[in-house]
Amino acid sequence: MIGLKGILKVIDNSGATLAECIRVVRAGQFASVGDEVVVVVKKSRTGPNIATANKVKRGDIHHAVVVRTKFPLRRADGRYVRFDDNACVLVNKDREPIGTRILSVVANELRMKNHTKLASLAPRTV
Amino acid sequence: MNCLRGTPSMNIGILSFQRRFLHTLRRPFIFPKPLKGPKCKNVVAEYEKKYQNSVDVNGERFQMFHRSQKDRVRPGAVLLVESYSKYPLKESINRFAGYLLRVRHRGPKSSFLLRNNVMGVGVEVLFPIYSPQIKSITVLKDNGISKRPRRAYLSYLRQPRFRLAPVEPLVRKYMEAKRK
């Protein structure tokens, strides 16, 4: 349940680390796993060589796809999956990821919601 | 209403029909006879038992989780759940292992909560015990926590100071033993 002002961890290698949601793209107040969201980058990776390699800077506005939520997700057989944090992956307008790798676990719902590229980039899906 | 009293089938109909509409019926009104079904006080319990018996044929899951069983799984155990990802096709198997945090007793809808650390992120999955999508539930360790937990719901394990031992080596051991 990510809504306005919700803070998401960014788990790709685009350079951002924390992003704040400013708008949920679909109709409704909250976004769940697989939903697109407009975010502002609140924190990006710092360091001597890293800052120039970042594709994304603090204060940039991007679209993102929510990839993990703390709110439990219901699966068809009645099981619920819940992660310890909220996370997203930054994407461009064509829903393609800005980064080239995803660094952490991702929910399986992405496959059902036509984000097969993100699901295949992820090292592990639950 | 005098003509409707006295006959047993009519009495059952009146109880289910709203009092204010009774005068609109034609007289004599023949209420439908009750359907044949299980003759018991609690029909829902009968159907719940039926569902449970159809899914849990040998009573394995019941023995593993129900409160009345002496050798049931206790919270703090490490369980491995193997489930079919594309039920009813019994092809690809999904595996999730974790520490049992609680068992939620609700009859056929009973469920249990497993917690694991996947790539540094804590993941909790609540599995329904009597789900036909679950292929098997195996106990990898009777008590994965150093002290015997003195609670039925181990929500305190979510705190960062309780660092649970990783579950992957237990799963790997089990899979290797299975291959042999």
# chains A, B, ... in the order shown; residues from 1 in each chain; ligands from 1
$ interface_residues --of "chain A" --to "chain B" --cutoff "6 Å" --atoms "only C-alpha atoms" --output "NGL selection string"
:A and (79-84)
$ write_last_selection --atoms "N, CA and C atoms" --output "short mmCIF file (atom, residue, chain, number, x, y, z; two decimals), in the first residue's frame"
data_model
loop_
_atom_site.label_atom_id
_atom_site.label_comp_id
_atom_site.auth_asym_id
_atom_site.auth_seq_id
_atom_site.Cartn_x
_atom_site.Cartn_y
_atom_site.Cartn_z
N ARG A 79 -2.60 -17.99 0.16
CA ARG A 79 -1.40 -17.71 0.93
C ARG A 79 -1.07 -16.23 0.82
N TYR A 80 -0.44 -15.71 1.85
CA TYR A 80 -0.08 -14.29 1.91
C TYR A 80 1.42 -14.14 2.01
N VAL A 81 1.99 -13.23 1.23
CA VAL A 81 3.43 -12.99 1.25
C VAL A 81 3.65 -11.57 1.72
N ARG A 82 4.58 -11.41 2.63
CA ARG A 82 4.88 -10.08 3.15
C ARG A 82 6.38 -9.89 3.27
N PHE A 83 6.86 -8.77 2.82
CA PHE A 83 8.29 -8.46 2.92
C PHE A 83 8.51 -7.49 4.06
N ASP A 84 9.76 -7.33 4.48
CA ASP A 84 10.07 -6.44 5.60
C ASP A 84 10.18 -4.98 5.21
#
$ residues_around --residues "Ile93 (chain B)" --least-positions-apart "5" --cutoff "7 Å" --atoms "only C-alpha atoms" --output "PyMOL selection string"
chain B and resi 82-85
$ residues_around --residues "Asn92 (chain A)" --least-positions-apart "6" --cutoff "9 Å" --atoms "only C-alpha atoms" --output "PyMOL selection string"
chain A and resi 62-64+98
$ write_last_selection --atoms "N, CA, C and O atoms" --output "short mmCIF file (atom, residue, chain, number, x, y, z; two decimals), in the first residue's frame"
data_model
loop_
_atom_site.label_atom_id
_atom_site.label_comp_id
_atom_site.auth_asym_id
_atom_site.auth_seq_id
_atom_site.Cartn_x
_atom_site.Cartn_y
_atom_site.Cartn_z
N HIS A 62 11.09 10.35 -11.53
CA HIS A 62 11.02 9.21 -12.43
C HIS A 62 9.79 8.39 -12.15
O HIS A 62 9.17 8.51 -11.11
N HIS A 63 9.48 7.51 -13.09
CA HIS A 63 8.47 6.48 -12.83
C HIS A 63 9.16 5.29 -12.21
O HIS A 63 10.36 5.07 -12.41
N ALA A 64 8.40 4.53 -11.44
CA ALA A 64 8.96 3.34 -10.80
C ALA A 64 7.89 2.27 -10.71
O ALA A 64 6.70 2.57 -10.77
N ILE A 98 15.55 1.59 -15.84
CA ILE A 98 16.64 2.54 -16.10
C ILE A 98 17.98 1.89 -15.77
O ILE A 98 18.99 2.07 -16.45
#
$ select_by_dssp --residues "region 9-180 of chain B" --states "alpha helix (DSSP H)" --output "tab-separated table (two decimals) with N, CA and C atoms, in the first residue's frame"
chain	number	residue	atom	x	y	z
B	9	SER	N	-44.85	-29.71	7.18
B	9	SER	CA	-44.08	-29.07	6.10
B	9	SER	C	-44.40	-27.59	6.02
B	10	MET	N	-45.67	-27.22	6.31
B	10	MET	CA	-46.07	-25.83	6.24
B	10	MET	C	-45.40	-25.02	7.34
B	11	ASN	N	-45.26	-25.62	8.52
B	11	ASN	CA	-44.67	-24.88	9.64
B	11	ASN	C	-43.24	-24.44	9.32
B	12	ILE	N	-42.50	-25.32	8.63
B	12	ILE	CA	-41.10	-24.97	8.31
B	12	ILE	C	-41.08	-23.79	7.35
B	13	GLY	N	-42.06	-23.76	6.43
B	13	GLY	CA	-42.07	-22.68	5.46
B	13	GLY	C	-42.37	-21.34	6.09
B	14	ILE	N	-43.28	-21.31	7.04
B	14	ILE	CA	-43.67	-20.04	7.66
B	14	ILE	C	-42.49	-19.41	8.38
B	15	LEU	N	-41.69	-20.24	9.03
B	15	LEU	CA	-40.56	-19.69	9.80
B	15	LEU	C	-39.59	-18.96	8.90
B	16	SER	N	-39.45	-19.44	7.65
B	16	SER	CA	-38.47	-18.80	6.79
B	16	SER	C	-39.08	-17.68	5.96
B	43	VAL	N	-24.51	-27.79	10.23
B	43	VAL	CA	-24.24	-28.24	8.86
B	43	VAL	C	-22.87	-27.77	8.39
B	44	VAL	N	-22.50	-26.57	8.81
B	44	VAL	CA	-21.21	-26.01	8.36
B	44	VAL	C	-20.06	-26.89	8.82
B	45	ALA	N	-20.15	-27.36	10.07
B	45	ALA	CA	-19.07	-28.21	10.60
B	45	ALA	C	-18.95	-29.49	9.78
B	46	GLU	N	-20.12	-30.04	9.33
B	46	GLU	CA	-20.09	-31.27	8.52
B	46	GLU	C	-19.34	-31.03	7.21
B	47	TYR	N	-19.65	-29.89	6.56
B	47	TYR	CA	-19.00	-29.62	5.28
B	47	TYR	C	-17.53	-29.30	5.45
B	48	GLU	N	-17.19	-28.67	6.57
B	48	GLU	CA	-15.77	-28.38	6.83
B	48	GLU	C	-14.99	-29.68	7.00
B	49	LYS	N	-15.61	-30.63	7.73
B	49	LYS	CA	-14.96	-31.93	7.94
B	49	LYS	C	-14.75	-32.63	6.60
B	50	LYS	N	-15.78	-32.54	5.74
B	50	LYS	CA	-15.74	-33.18	4.42
B	50	LYS	C	-14.57	-32.63	3.60
B	51	TYR	N	-14.45	-31.29	3.59
B	51	TYR	CA	-13.36	-30.66	2.83
B	51	TYR	C	-12.01	-31.10	3.36
B	52	GLN	N	-11.90	-31.08	4.69
B	52	GLN	CA	-10.62	-31.43	5.30
B	52	GLN	C	-10.24	-32.87	4.97
B	53	ASN	N	-11.22	-33.78	5.01
B	53	ASN	CA	-10.91	-35.18	4.71
B	53	ASN	C	-10.54	-35.37	3.25
B	54	SER	N	-11.14	-34.57	2.35
B	54	SER	CA	-10.82	-34.75	0.94
B	54	SER	C	-9.42	-34.25	0.62
B	55	VAL	N	-8.95	-33.20	1.31
B	55	VAL	CA	-7.61	-32.67	1.02
B	55	VAL	C	-6.54	-33.40	1.82
B	60	GLU	N	-2.34	-36.39	7.74
B	60	GLU	CA	-0.95	-35.98	8.03
B	60	GLU	C	-0.86	-34.56	8.51
B	61	ARG	N	-1.54	-33.67	7.76
B	61	ARG	CA	-1.44	-32.25	8.11
B	61	ARG	C	-2.09	-31.98	9.45
B	62	PHE	N	-3.19	-32.68	9.72
B	62	PHE	CA	-3.87	-32.53	11.00
B	62	PHE	C	-2.94	-32.94	12.13
B	63	GLN	N	-2.26	-34.07	11.95
B	63	GLN	CA	-1.35	-34.55	13.00
B	63	GLN	C	-0.18	-33.62	13.20
B	64	MET	N	0.19	-32.94	12.12
B	64	MET	CA	1.37	-32.06	12.22
B	64	MET	C	1.05	-30.76	12.93
B	65	PHE	N	-0.18	-30.27	12.81
B	65	PHE	CA	-0.46	-28.92	13.28
B	65	PHE	C	-1.51	-28.80	14.38
B	168	GLU	N	19.19	-21.92	4.68
B	168	GLU	CA	19.66	-22.53	3.42
B	168	GLU	C	20.48	-23.81	3.63
B	169	PRO	N	21.44	-23.85	4.55
B	169	PRO	CA	22.21	-25.09	4.72
B	169	PRO	C	21.35	-26.30	5.09
B	170	LEU	N	20.29	-26.05	5.90
B	170	LEU	CA	19.39	-27.15	6.25
B	170	LEU	C	18.65	-27.66	5.02
B	171	VAL	N	18.22	-26.71	4.18
B	171	VAL	CA	17.49	-27.09	2.97
B	171	VAL	C	18.40	-27.88	2.04
B	172	ARG	N	19.64	-27.41	1.91
B	172	ARG	CA	20.58	-28.08	1.01
B	172	ARG	C	20.85	-29.51	1.48
B	173	LYS	N	21.03	-29.66	2.79
B	173	LYS	CA	21.26	-31.00	3.38
B	173	LYS	C	20.11	-31.92	3.06
B	174	TYR	N	18.89	-31.39	3.23
B	174	TYR	CA	17.69	-32.19	3.00
B	174	TYR	C	17.59	-32.61	1.53
B	175	MET	N	17.90	-31.66	0.60
B	175	MET	CA	17.78	-31.96	-0.82
B	175	MET	C	18.81	-33.00	-1.24
B	176	GLU	N	20.03	-32.90	-0.67
B	176	GLU	CA	21.07	-33.89	-1.00
B	176	GLU	C	20.69	-35.26	-0.49
B	177	ALA	N	20.17	-35.29	0.73
B	177	ALA	CA	19.75	-36.58	1.30
B	177	ALA	C	18.62	-37.19	0.47
B	178	LYS	N	17.76	-36.30	-0.05
B	178	LYS	CA	16.63	-36.79	-0.84
B	178	LYS	C	17.10	-37.39	-2.16
B	179	ARG	N	18.15	-36.74	-2.75
B	179	ARG	CA	18.64	-37.22	-4.05
B	179	ARG	C	19.22	-38.62	-3.93
$ closest_residue --among "A:Met112, A:Val39, A:Val65, A:Leu73" --to "Asp12 (chain A)" --atoms "only C-alpha atoms"
A:Val65
$ residues_around --residues "Gly15 (chain A)" --least-positions-apart "4" --cutoff "10 Å" --atoms "only C-alpha atoms" --output "MDAnalysis selection string"
chainID A and resid 10:11 41 43:46 50:58 90 98:99
$ write_last_selection --atoms "N, CA, C and O atoms" --output "PDB file, in the first residue's frame"
ATOM      1  N   VAL A  10      15.151   1.784  -3.415  1.00  0.00           N
ATOM      2  CA  VAL A  10      15.373   1.497  -4.827  1.00  0.00           C
ATOM      3  C   VAL A  10      16.400   0.380  -4.928  1.00  0.00           C
ATOM      4  O   VAL A  10      17.494   0.496  -4.375  1.00  0.00           O
ATOM      5  N   ILE A  11      16.039  -0.717  -5.569  1.00  0.00           N
ATOM      6  CA  ILE A  11      16.918  -1.885  -5.551  1.00  0.00           C
ATOM      7  C   ILE A  11      17.530  -2.211  -6.908  1.00  0.00           C
ATOM      8  O   ILE A  11      17.808  -3.355  -7.213  1.00  0.00           O
ATOM      9  N   VAL A  41      13.541  11.142  -6.345  1.00  0.00           N
ATOM     10  CA  VAL A  41      14.703  10.484  -5.736  1.00  0.00           C
ATOM     11  C   VAL A  41      15.149  11.310  -4.529  1.00  0.00           C
ATOM     12  O   VAL A  41      15.456  12.485  -4.641  1.00  0.00           O
ATOM     13  N   LYS A  43      17.460  10.058  -2.098  1.00  0.00           N
ATOM     14  CA  LYS A  43      18.855   9.784  -1.730  1.00  0.00           C
ATOM     15  C   LYS A  43      19.474   9.001  -2.858  1.00  0.00           C
ATOM     16  O   LYS A  43      18.846   8.079  -3.392  1.00  0.00           O
ATOM     17  N   SER A  44      20.709   9.365  -3.186  1.00  0.00           N
ATOM     18  CA  SER A  44      21.387   8.555  -4.197  1.00  0.00           C
ATOM     19  C   SER A  44      22.750   8.134  -3.649  1.00  0.00           C
ATOM     20  O   SER A  44      23.224   8.669  -2.651  1.00  0.00           O
ATOM     21  N   ARG A  45      23.354   7.191  -4.312  1.00  0.00           N
ATOM     22  CA  ARG A  45      24.631   6.660  -3.821  1.00  0.00           C
ATOM     23  C   ARG A  45      25.710   7.720  -3.946  1.00  0.00           C
ATOM     24  O   ARG A  45      25.810   8.397  -4.970  1.00  0.00           O
ATOM     25  N   THR A  46      26.497   7.849  -2.890  1.00  0.00           N
ATOM     26  CA  THR A  46      27.551   8.876  -2.866  1.00  0.00           C
ATOM     27  C   THR A  46      28.909   8.211  -2.888  1.00  0.00           C
ATOM     28  O   THR A  46      29.039   7.034  -2.559  1.00  0.00           O
ATOM     29  N   ILE A  50      31.414   6.917  -7.715  1.00  0.00           N
ATOM     30  CA  ILE A  50      30.036   6.468  -7.912  1.00  0.00           C
ATOM     31  C   ILE A  50      29.148   7.598  -8.412  1.00  0.00           C
ATOM     32  O   ILE A  50      28.299   7.409  -9.266  1.00  0.00           O
ATOM     33  N   ALA A  51      29.371   8.827  -7.871  1.00  0.00           N
ATOM     34  CA  ALA A  51      28.467   9.939  -8.192  1.00  0.00           C
ATOM     35  C   ALA A  51      28.420  10.222  -9.687  1.00  0.00           C
ATOM     36  O   ALA A  51      27.365  10.541 -10.235  1.00  0.00           O
ATOM     37  N   THR A  52      29.552  10.118 -10.362  1.00  0.00           N
ATOM     38  CA  THR A  52      29.558  10.386 -11.807  1.00  0.00           C
ATOM     39  C   THR A  52      28.948   9.233 -12.591  1.00  0.00           C
ATOM     40  O   THR A  52      28.376   9.424 -13.657  1.00  0.00           O
ATOM     41  N   ALA A  53      29.020   8.031 -12.030  1.00  0.00           N
ATOM     42  CA  ALA A  53      28.481   6.868 -12.741  1.00  0.00           C
ATOM     43  C   ALA A  53      26.974   6.747 -12.578  1.00  0.00           C
ATOM     44  O   ALA A  53      26.329   5.994 -13.297  1.00  0.00           O
ATOM     45  N   ASN A  54      26.402   7.488 -11.606  1.00  0.00           N
ATOM     46  CA  ASN A  54      24.952   7.389 -11.376  1.00  0.00           C
ATOM     47  C   ASN A  54      24.159   7.884 -12.567  1.00  0.00           C
ATOM     48  O   ASN A  54      24.461   8.923 -13.141  1.00  0.00           O
ATOM     49  N   LYS A  55      23.097   7.145 -12.898  1.00  0.00           N
ATOM     50  CA  LYS A  55      22.217   7.593 -13.983  1.00  0.00           C
ATOM     51  C   LYS A  55      21.160   8.560 -13.470  1.00  0.00           C
ATOM     52  O   LYS A  55      20.489   9.229 -14.238  1.00  0.00           O
ATOM     53  N   VAL A  56      21.057   8.613 -12.185  1.00  0.00           N
ATOM     54  CA  VAL A  56      19.939   9.313 -11.572  1.00  0.00           C
ATOM     55  C   VAL A  56      20.457  10.111 -10.395  1.00  0.00           C
ATOM     56  O   VAL A  56      21.300   9.651  -9.646  1.00  0.00           O
ATOM     57  N   LYS A  57      19.995  11.369 -10.225  1.00  0.00           N
ATOM     58  CA  LYS A  57      20.498  12.212  -9.140  1.00  0.00           C
ATOM     59  C   LYS A  57      19.397  12.488  -8.130  1.00  0.00           C
ATOM     60  O   LYS A  57      18.215  12.304  -8.419  1.00  0.00           O
ATOM     61  N   ARG A  58      19.779  13.039  -7.009  1.00  0.00           N
ATOM     62  CA  ARG A  58      18.830  13.430  -5.988  1.00  0.00           C
ATOM     63  C   ARG A  58      17.939  14.535  -6.525  1.00  0.00           C
ATOM     64  O   ARG A  58      18.419  15.519  -7.089  1.00  0.00           O
ATOM     65  N   LEU A  90      13.346   1.732 -10.668  1.00  0.00           N
ATOM     66  CA  LEU A  90      13.048   2.895 -11.510  1.00  0.00           C
ATOM     67  C   LEU A  90      12.908   2.471 -12.958  1.00  0.00           C
ATOM     68  O   LEU A  90      13.694   1.672 -13.467  1.00  0.00           O
ATOM     69  N   ILE A  98      15.554   1.588 -15.841  1.00  0.00           N
ATOM     70  CA  ILE A  98      16.641   2.537 -16.100  1.00  0.00           C
ATOM     71  C   ILE A  98      17.984   1.889 -15.766  1.00  0.00           C
ATOM     72  O   ILE A  98      18.986   2.073 -16.450  1.00  0.00           O
ATOM     73  N   GLY A  99      18.017   1.129 -14.682  1.00  0.00           N
ATOM     74  CA  GLY A  99      19.242   0.421 -14.316  1.00  0.00           C
ATOM     75  C   GLY A  99      19.373  -0.848 -15.149  1.00  0.00           C
ATOM     76  O   GLY A  99      18.471  -1.227 -15.889  1.00  0.00           O
TER      77      GLY A  99
END
$ residues_around --residues "Ser32 (chain A)" --least-positions-apart "6" --cutoff "9 Å" --atoms "only C-alpha atoms" --output "ChimeraX atom specification"
/A:1-2,66-69,71,73
$ atom_distance --atom1 "CA of Ala76 (chain A)" --atom2 "CA of Arg102 (chain B)"
21.5 Å
$ residues_around --residues "Ile102 (chain A)" --least-positions-apart "2" --cutoff "10 Å" --atoms "only C-alpha atoms" --output "ChimeraX atom specification"
/A:10-14,88-89,97,99-100,104-106,118-124
$ atom_distance --atom1 "CA of Lys42 (chain A)" --atom2 "CA of Ala107 (chain A)"
23.5 Å
$ atom_distance --atom1 "CA of Glu109 (chain A)" --atom2 "CA of Asp60 (chain A)"
27.1 Å
$ select_by_dssp --residues "chain A" --states "strand (DSSP E)" --output "ChimeraX atom specification"
/A:7-10,16-24,36-44,61-68,73-74,80-83,87-91,105-106,124-125
